[in-house]
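Q: You'll find input_1.cif just under this line, and it carries mmCIF, C-alpha atoms.
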data_input
loop_
_atom_site.label_atom_id
_atom_site.label_comp_id
_atom_site.auth_asym_id
_atom_site.auth_seq_id
_atom_site.Cartn_x
_atom_site.Cartn_y
_atom_site.Cartn_z
CA MET E 12 0.00 0.00 0.00
CA LEU E 13 1.27 3.47 -0.87
CA SER E 14 1.96 5.94 1.91
CA GLN E 15 0.07 9.21 2.22
CA GLY E 16 3.32 11.00 1.35
CA VAL E 17 3.29 9.26 -2.03
CA LEU E 18 -0.47 9.40 -2.59
CA ARG E 19 -0.93 13.10 -1.85
CA PRO E 20 1.13 14.35 -4.85
CA LEU E 21 -0.48 11.72 -7.10
CA ARG E 22 -3.96 12.85 -6.10
CA ARG E 23 -2.96 16.46 -6.69
CA SER E 24 -1.69 15.57 -10.18
CA VAL E 25 -4.94 13.79 -11.03
CA ALA E 26 -6.98 16.73 -9.76
CA ASP E 27 -4.88 19.17 -11.82
CA ALA E 28 -5.33 17.05 -14.95
CA VAL E 29 -9.11 16.74 -14.51
CA ASN E 30 -9.46 20.45 -13.76
CA ALA E 31 -7.41 21.36 -16.85
CA LEU E 32 -9.55 19.00 -18.93
CA ALA E 33 -12.65 20.83 -17.75
CA LEU E 34 -11.30 24.00 -19.37
CA VAL E 35 -10.84 22.58 -22.85
CA ALA E 36 -12.92 19.42 -23.31
CA SER E 37 -16.25 19.25 -25.05
CA PRO E 38 -19.42 18.49 -23.08
CA VAL E 39 -19.44 14.94 -24.48
CA VAL E 40 -15.94 14.29 -23.13
CA LEU E 41 -16.76 15.89 -19.78
CA ASP E 42 -19.91 13.78 -19.43
CA ALA E 43 -17.89 10.62 -20.12
CA VAL E 44 -15.18 11.64 -17.64
CA ASN E 45 -17.79 12.45 -14.98
CA ALA E 46 -19.47 9.05 -15.43
CA PHE E 47 -16.08 7.33 -15.15
CA GLN E 48 -15.22 9.31 -12.01
CA ARG E 49 -18.52 8.30 -10.40
CA GLU E 50 -17.71 4.66 -11.13
CA ILE E 51 -14.20 4.78 -9.63
CA SER E 52 -15.16 6.92 -6.64
CA TYR E 53 -14.53 5.48 -3.19
CA ARG E 54 -18.15 6.42 -2.49
CA ASN E 55 -19.39 3.93 -5.09
CA SER E 56 -20.04 0.70 -3.21
CA GLU E 57 -21.15 -1.11 -6.38
CA ARG E 58 -18.03 -0.76 -8.54
CA SER E 59 -17.45 -3.38 -11.21
CA ASP E 60 -14.53 -4.16 -13.49
CA GLU E 61 -16.87 -4.44 -16.47
CA ARG E 62 -18.45 -1.02 -15.89
CA HIS E 63 -15.00 0.48 -15.24
CA ASP E 64 -13.70 -0.83 -18.57
CA ALA E 65 -16.81 0.23 -20.50
CA LEU E 66 -16.75 3.75 -19.06
CA LEU E 67 -13.01 4.07 -19.69
CA GLY E 68 -13.70 3.08 -23.29
CA ASP E 69 -16.40 5.78 -23.46
CA VAL E 70 -13.91 8.41 -22.25
CA ILE E 71 -11.23 7.42 -24.74
CA GLN E 72 -13.68 7.19 -27.63
CA ALA E 73 -15.18 10.60 -26.78
CA MET E 74 -11.69 12.11 -26.70
CA ARG E 75 -10.76 10.52 -30.03
CA ASN E 76 -13.99 11.76 -31.62
CA ASP E 77 -13.40 15.22 -30.17
CA VAL E 78 -9.81 15.56 -31.35
CA GLU E 79 -10.23 14.33 -34.92
CA PRO E 80 -13.84 13.43 -35.68
CA SER E 81 -13.22 13.02 -39.41
CA ARG E 82 -10.39 10.50 -38.88
CA VAL E 83 -12.14 8.25 -36.36
CA LYS E 84 -13.75 5.73 -38.68
CA ASN E 85 -12.64 2.53 -37.02
CA PRO E 86 -14.98 0.72 -34.67
CA ARG E 87 -14.93 1.28 -30.96
CA ARG E 88 -12.22 -0.66 -29.13
CA GLU E 89 -12.32 -2.24 -25.72
CA PHE E 90 -9.86 -0.83 -23.20
CA ARG E 91 -8.59 -2.64 -20.15
CA LEU E 92 -5.91 -1.54 -17.75
CA LEU E 93 -3.43 -3.93 -16.23
CA ALA E 94 -3.35 -4.23 -12.48
CA PRO E 95 -0.45 -5.42 -10.38
CA PRO E 96 -0.83 -8.89 -8.87
CA PRO E 97 -1.96 -9.16 -5.26
CA LYS E 98 0.79 -9.12 -2.64
CA ASP E 99 0.20 -12.78 -1.82
CA ALA E 100 0.45 -13.94 -5.47
CA ASP E 101 2.84 -16.76 -6.27
CA PRO E 102 5.88 -15.17 -8.01
CA GLN E 103 6.45 -18.40 -9.98
CA ILE E 104 3.21 -18.01 -11.96
#
Could you show the structure in this file as C-alpha cells?
A:
Amino acid sequence: MLSQGVLRPLRRSVADAVNALALVASPVVLDAVNAFQREISYRNSERSDERHDALLGDVIQAMRNDVEPSRVKNPRREFRLLAPPPKDADPQI
C-alpha cells in the first residue's frame, strides 16, 4: 500500500489534470469523464470491473472523436488496464 506521502502528490496531479480538462474538453468528453469518475469513486459501493472498462472506453472514444472526428472511422475498441498482482500472489506463476 502506498503511503500518504506518495499518494498526496499523485492525487494532486490527477486533480490538476481533470481540472485542466474541464477548461478545454467538449461536453461529451466531460460527461464521459464524470461518469467514469462516479464509477471509480470510493463512495461507489457497487463498482465493477466491467463497468469500469466500458466507461473508460467511453472516455477514450469521446476524446478521439473530439480531437479528430473526421479520422475516427474505425470501430470502438475495448480498453482494459493492467493491475499489479496481489501481494500474496505466487511469483512463480
Q: Between atom CA of Ala46 of chain E and atom CA of Leu18 of chain E, what is the distance in Å, rounded to a tenth?
A: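 Here the two named atoms are 22.9 Å from each other.
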Q: Can you tell me which residues surround Arg87 of chain E at a distance of at most 9 Å, considering all atoms listed in the file, apart from same-chain residues fewer than 6 positions away, and format the answer as a ChimeraX atom specification?
A: /E:68-69,72
Q: From the options E:Ala73, E:Leu21, E:Ala26, E:Leu67, which residue's atoms come nearest to Glu50 of chain E, counting all atoms listed in the file?
A: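 Smallest separation from Glu50 of chain E among the options: E:Leu67.
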Q: May I ask for the distance between atom CA of Gln48 of chain E and atom CA of Asp77 of chain E, given in Å to one decimal place?
A: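 That distance, rounded to one decimal, is 19.2 Å.
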Q: Work out where the centre of an axis-aligned box around every listed atom of segment 37-52 of chain E lies and how long its edges are once 4 Å is added on each side; give both in Å to one decimal as JSON.
A:
{"center_x": -17.1, "center_y": 12.0, "center_z": -15.8, "size_x": 13.7, "size_y": 22.6, "size_z": 26.4}
Q: For atom CA of Ser52 of chain E and atom CA of Pro80 of chain E, determine how far apart the two atoms are, in Å to one decimal place.
A: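 Atom CA of Pro80 of chain E lies 29.8 Å from atom CA of Ser52 of chain E.
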Q: Which of these residues is nearest to Ala36 of chain E, using only C-alpha atoms: E:Arg58, E:Arg75, E:Lys98, E:Arg88?
A: E:Arg75
Q: Would you mind telling me which residue in E:Glu61, E:Ser24, E:Asn30, E:Val70 lies nearest to Val44 of chain E when using all atoms listed in the file?
A: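 Selected residue with least distance to Val44 of chain E: E:Val70.
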Q: Report as a list in words all protein, DNA and RNA residues lying within 9 Å of Ser37 of chain E, evaluated on all atoms listed in the file, omitting residues in the same chain fewer than 3 positions from it.
A: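 What passes the distance filter is Ala33, Leu34, Val40, Leu41, Asp42, Ala73, Met74 and Asp77 of chain E.
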Q: Identify which of the residues E:Asn76, E:Pro20, E:Val39, E:Arg91 lies closest to Arg62 of chain E, counting all atoms listed in the file when measuring atom-to-atom distances.
A: E:Arg91
